[in-house]
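Presented below is the structure to which this report refers.
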Number of protein chains: 2
Amino acid sequence: MSKDTLPGLTLCNNAALRRSARKLGQFYDDVMAPSGLKATQQGLLYQIHIGNEPAMGAIAASLIMDLSALGHTLKPLIRDGYVETFADPGDRRIKRVRLTPQGLAKLEEAMKLWQIAQQRFEDVAGKEQAQRLRAALDEIAALDFDLPPATP
Amino acid sequence: MSKDTLPGLTLCNNAALRRSARKLGQFYDDVMAPSGLKATQQGLLYQIHIGNEPAMGAIAASLIMDLSALGHTLKPLIRDGYVETFADPGDRRIKRVRLTPQGLAKLEEAMKLWQIAQQRFEDVAGKEQAQRLRAALDEIAALDFDLPPATP
DNA sequence: TTCATTTAGTGGTATATGCCACTAAATATG
DNA sequence: CATATTTAGTGGCATATACCACTAAATGAA
């Protein structure tokens, strides 16, 4: 494969995805900056909020995130008093998560900024296009890449 | 806004993007693992390879990545001897980047795995769907979110 | 009931990525 | 030419995210 005939980077689905994620992340983060939250943190607070004191495993599964990564990501939010955790009374392995009152207030503050970013994105990209994009992304998130097991 | 009427997380373009990026990243990384490279590293080596001893700024711009982030990301690749840098003779502020012979060999090794991941993705997602997805992602990457300047 | 196995998280380590303050080099300005 | 400004990177710090080895708790099997 000579250098001249190499396919563009854009051909890699994963690279294209990361590239746009950086772009969009920078934009959302920028708009959310006044709240002091990153877009990822706002998303996480939101996910906790809409869950019913969700277990860490449940949050991680929803976000398709490694459980330990979730643990790490949660730390600054706990440190800043936005989130607290408690052991499930029925199964002490399970740690549940909830927003503190300050966390809820911060989320509400951040949601206003989120709406601005979201609106701006849809204005620029087009509402139809945005919806198609999200649908495509959700499809990817739902894919199963496992090779079919060799039926013995 | 009561908890019951809150929109699903999927409504956030940025959150949906990150979620799929995690999913797809895990898959590509998994397939590429035998090479010892992460998918991001393979992508970066590739970008360097197709460039003409590109300057760091040029790489960062192509990948829509912060320049300092690129610097950090490059470090393990330099440490492992896959990449080397040198000052541009004409402008000593500019640092150019190239693959070492080992870097090229490693890239070629990784590309074989990449093709497997890429192929598998397209088999599962559908070639059409994959192409539409990349097109949509490229559109996002090309968007301009700046507010129109108030013409004074 | 006892022991093996599975499940849920933690902590460590490493990469990915961004922002900010700072330096050096090039360029524009007076 | 001397200084102000812009450009290109660096280094520090913080978050994002993954994998691995490990622990504790629950569960299943003998």
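Starting from 1 in every chain, residues are counted up; chains themselves are A, B, ... following the order of the structure tokens, and ligands are numbered from 1 as listed.
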
Can you check which residues of chain B have any atom within 10 Å of chain C? Use only C-alpha atoms (C1' of nucleotides) and format it as a PDB file with C-alpha atoms, in the first residue's frame.
```
ATOM      1  CA  LYS B  38      -4.948   1.622  20.985  1.00  0.00           C
ATOM      2  CA  THR B  40      -6.385   6.233  18.798  1.00  0.00           C
ATOM      3  CA  GLN B  41      -2.684   5.556  18.523  1.00  0.00           C
ATOM      4  CA  MET B  65      -7.535  18.053  18.686  1.00  0.00           C
ATOM      5  CA  ASP B  66      -6.021  20.489  21.114  1.00  0.00           C
ATOM      6  CA  LEU B  67      -2.355  21.025  20.345  1.00  0.00           C
ATOM      7  CA  SER B  68      -1.264  20.278  23.875  1.00  0.00           C
ATOM      8  CA  ALA B  69      -3.416  17.152  23.898  1.00  0.00           C
ATOM      9  CA  LEU B  70      -1.596  16.011  20.799  1.00  0.00           C
ATOM     10  CA  HIS B  72       0.631  14.455  25.433  1.00  0.00           C
ATOM     11  CA  THR B  73      -0.724  11.725  23.194  1.00  0.00           C
ATOM     12  CA  PRO B  76       4.061   7.250  24.646  1.00  0.00           C
ATOM     13  CA  ASP B  91      10.950  28.021  11.242  1.00  0.00           C
ATOM     14  CA  ARG B  92      12.329  26.750  14.464  1.00  0.00           C
ATOM     15  CA  ARG B  93       9.067  27.216  16.271  1.00  0.00           C
ATOM     16  CA  ILE B  94       7.610  24.423  14.176  1.00  0.00           C
TER      17      ILE B  94
END
```

Alpha helix (DSSP H) per DSSP on the backbone: members of region 40-137 of chain B, as a ChimeraX atom specification: /B:40-50,56-63,67-79,101-125,127-137

Mind running chain A against chain B at 7 Å and telling me each contacting residue's nearest atom pair with the distance in Å (one decimal), counting only C-alpha atoms, chain and number ascending, as a Markdown table?
```
| residue | atom | partner | partner_atom | distance |
| --- | --- | --- | --- | --- |
| A:Lys3 | CA | B:Ile50 | CA | 6.2 |
| A:Leu9 | CA | B:Gln47 | CA | 6.9 |
| A:Cys12 | CA | B:Gln118 | CA | 7.0 |
| A:Asn13 | CA | B:Arg134 | CA | 6.2 |
| A:Asn14 | CA | B:Leu24 | CA | 6.2 |
| A:Ala15 | CA | B:Gly43 | CA | 6.6 |
| A:Ala16 | CA | B:Leu137 | CA | 6.3 |
| A:Leu17 | CA | B:Ala21 | CA | 6.0 |
| A:Arg18 | CA | B:Ala21 | CA | 6.2 |
| A:Arg19 | CA | B:Leu63 | CA | 6.0 |
| A:Ser20 | CA | B:Ala141 | CA | 4.9 |
| A:Ala21 | CA | B:Leu17 | CA | 6.0 |
| A:Arg22 | CA | B:Ile64 | CA | 6.7 |
| A:Lys23 | CA | B:Ala141 | CA | 5.9 |
| A:Leu24 | CA | B:Asn14 | CA | 6.2 |
| A:Gly25 | CA | B:Asn14 | CA | 6.4 |
| A:Gly43 | CA | B:Ala15 | CA | 6.6 |
| A:Gln47 | CA | B:Leu9 | CA | 6.9 |
| A:Ile50 | CA | B:Lys3 | CA | 6.1 |
| A:Leu63 | CA | B:Arg19 | CA | 6.0 |
| A:Ile64 | CA | B:Arg19 | CA | 6.2 |
| A:Met65 | CA | B:Arg22 | CA | 6.8 |
| A:Gln118 | CA | B:Cys12 | CA | 7.0 |
| A:Val124 | CA | B:Phe145 | CA | 6.8 |
| A:Leu133 | CA | B:Ala136 | CA | 6.6 |
| A:Arg134 | CA | B:Asn13 | CA | 6.2 |
| A:Ala136 | CA | B:Leu133 | CA | 6.7 |
| A:Leu137 | CA | B:Ser20 | CA | 5.8 |
| A:Asp138 | CA | B:Ala16 | CA | 6.8 |
| A:Ile140 | CA | B:Ser20 | CA | 6.1 |
| A:Ala141 | CA | B:Ser20 | CA | 4.9 |
| A:Phe145 | CA | B:Val124 | CA | 6.8 |
```

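Every residue of chain A with a DSSP assignment of strand (DSSP E or B), taken from the backbone, is listed as Ala55, Val83, Glu84, Thr85, Phe86, Ala87, Lys95, Arg96, Val97, Arg98 and Leu99 of chain A.
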
Output C-alpha atoms for every residue in that selection, as a compact mmCIF listing (two decimals), in the first residue's frame.
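Now in out-v2.txt:
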```
# COMPACT_ATOMS: atom_id res chain seq x y z
CA ALA A 55 -26.72 1.41 41.25
CA VAL A 83 -23.48 13.43 44.46
CA GLU A 84 -23.53 10.95 47.29
CA THR A 85 -23.51 7.19 47.45
CA PHE A 86 -24.93 4.64 49.84
CA ALA A 87 -24.97 0.89 50.08
CA LYS A 95 -23.67 1.01 45.82
CA ARG A 96 -26.43 3.37 44.88
CA VAL A 97 -25.99 6.95 43.79
CA ARG A 98 -28.13 10.03 44.21
CA LEU A 99 -27.83 13.78 43.78
```

Per residue of chain D within 12 Å of chain B, what are the shortest atom pair and its distance in Å to one decimal, counting only C-alpha atoms (C1' of nucleotides), with rows by chain and residue number, as CSV?
```
residue,atom,partner,partner_atom,distance
D:DT7,C1',B:Arg93,CA,8.1
D:DA8,C1',B:Arg93,CA,5.4
D:DG9,C1',B:Arg93,CA,7.4
D:DT10,C1',B:Ser68,CA,7.8
D:DG11,C1',B:Ser68,CA,9.3
D:DG12,C1',B:Ser68,CA,11.3
D:DA16,C1',B:Arg18,CA,10.4
D:DT17,C1',B:Arg22,CA,8.3
D:DA18,C1',B:Gln26,CA,8.2
D:DC19,C1',B:Asp30,CA,10.8
```

Point-to-point distance in Å for CA of Leu113 (chain A) and CA of Ile59 (chain A):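 Taking CA of Ile59 (chain A) and CA of Leu113 (chain A), their separation equals 23.1 Å.
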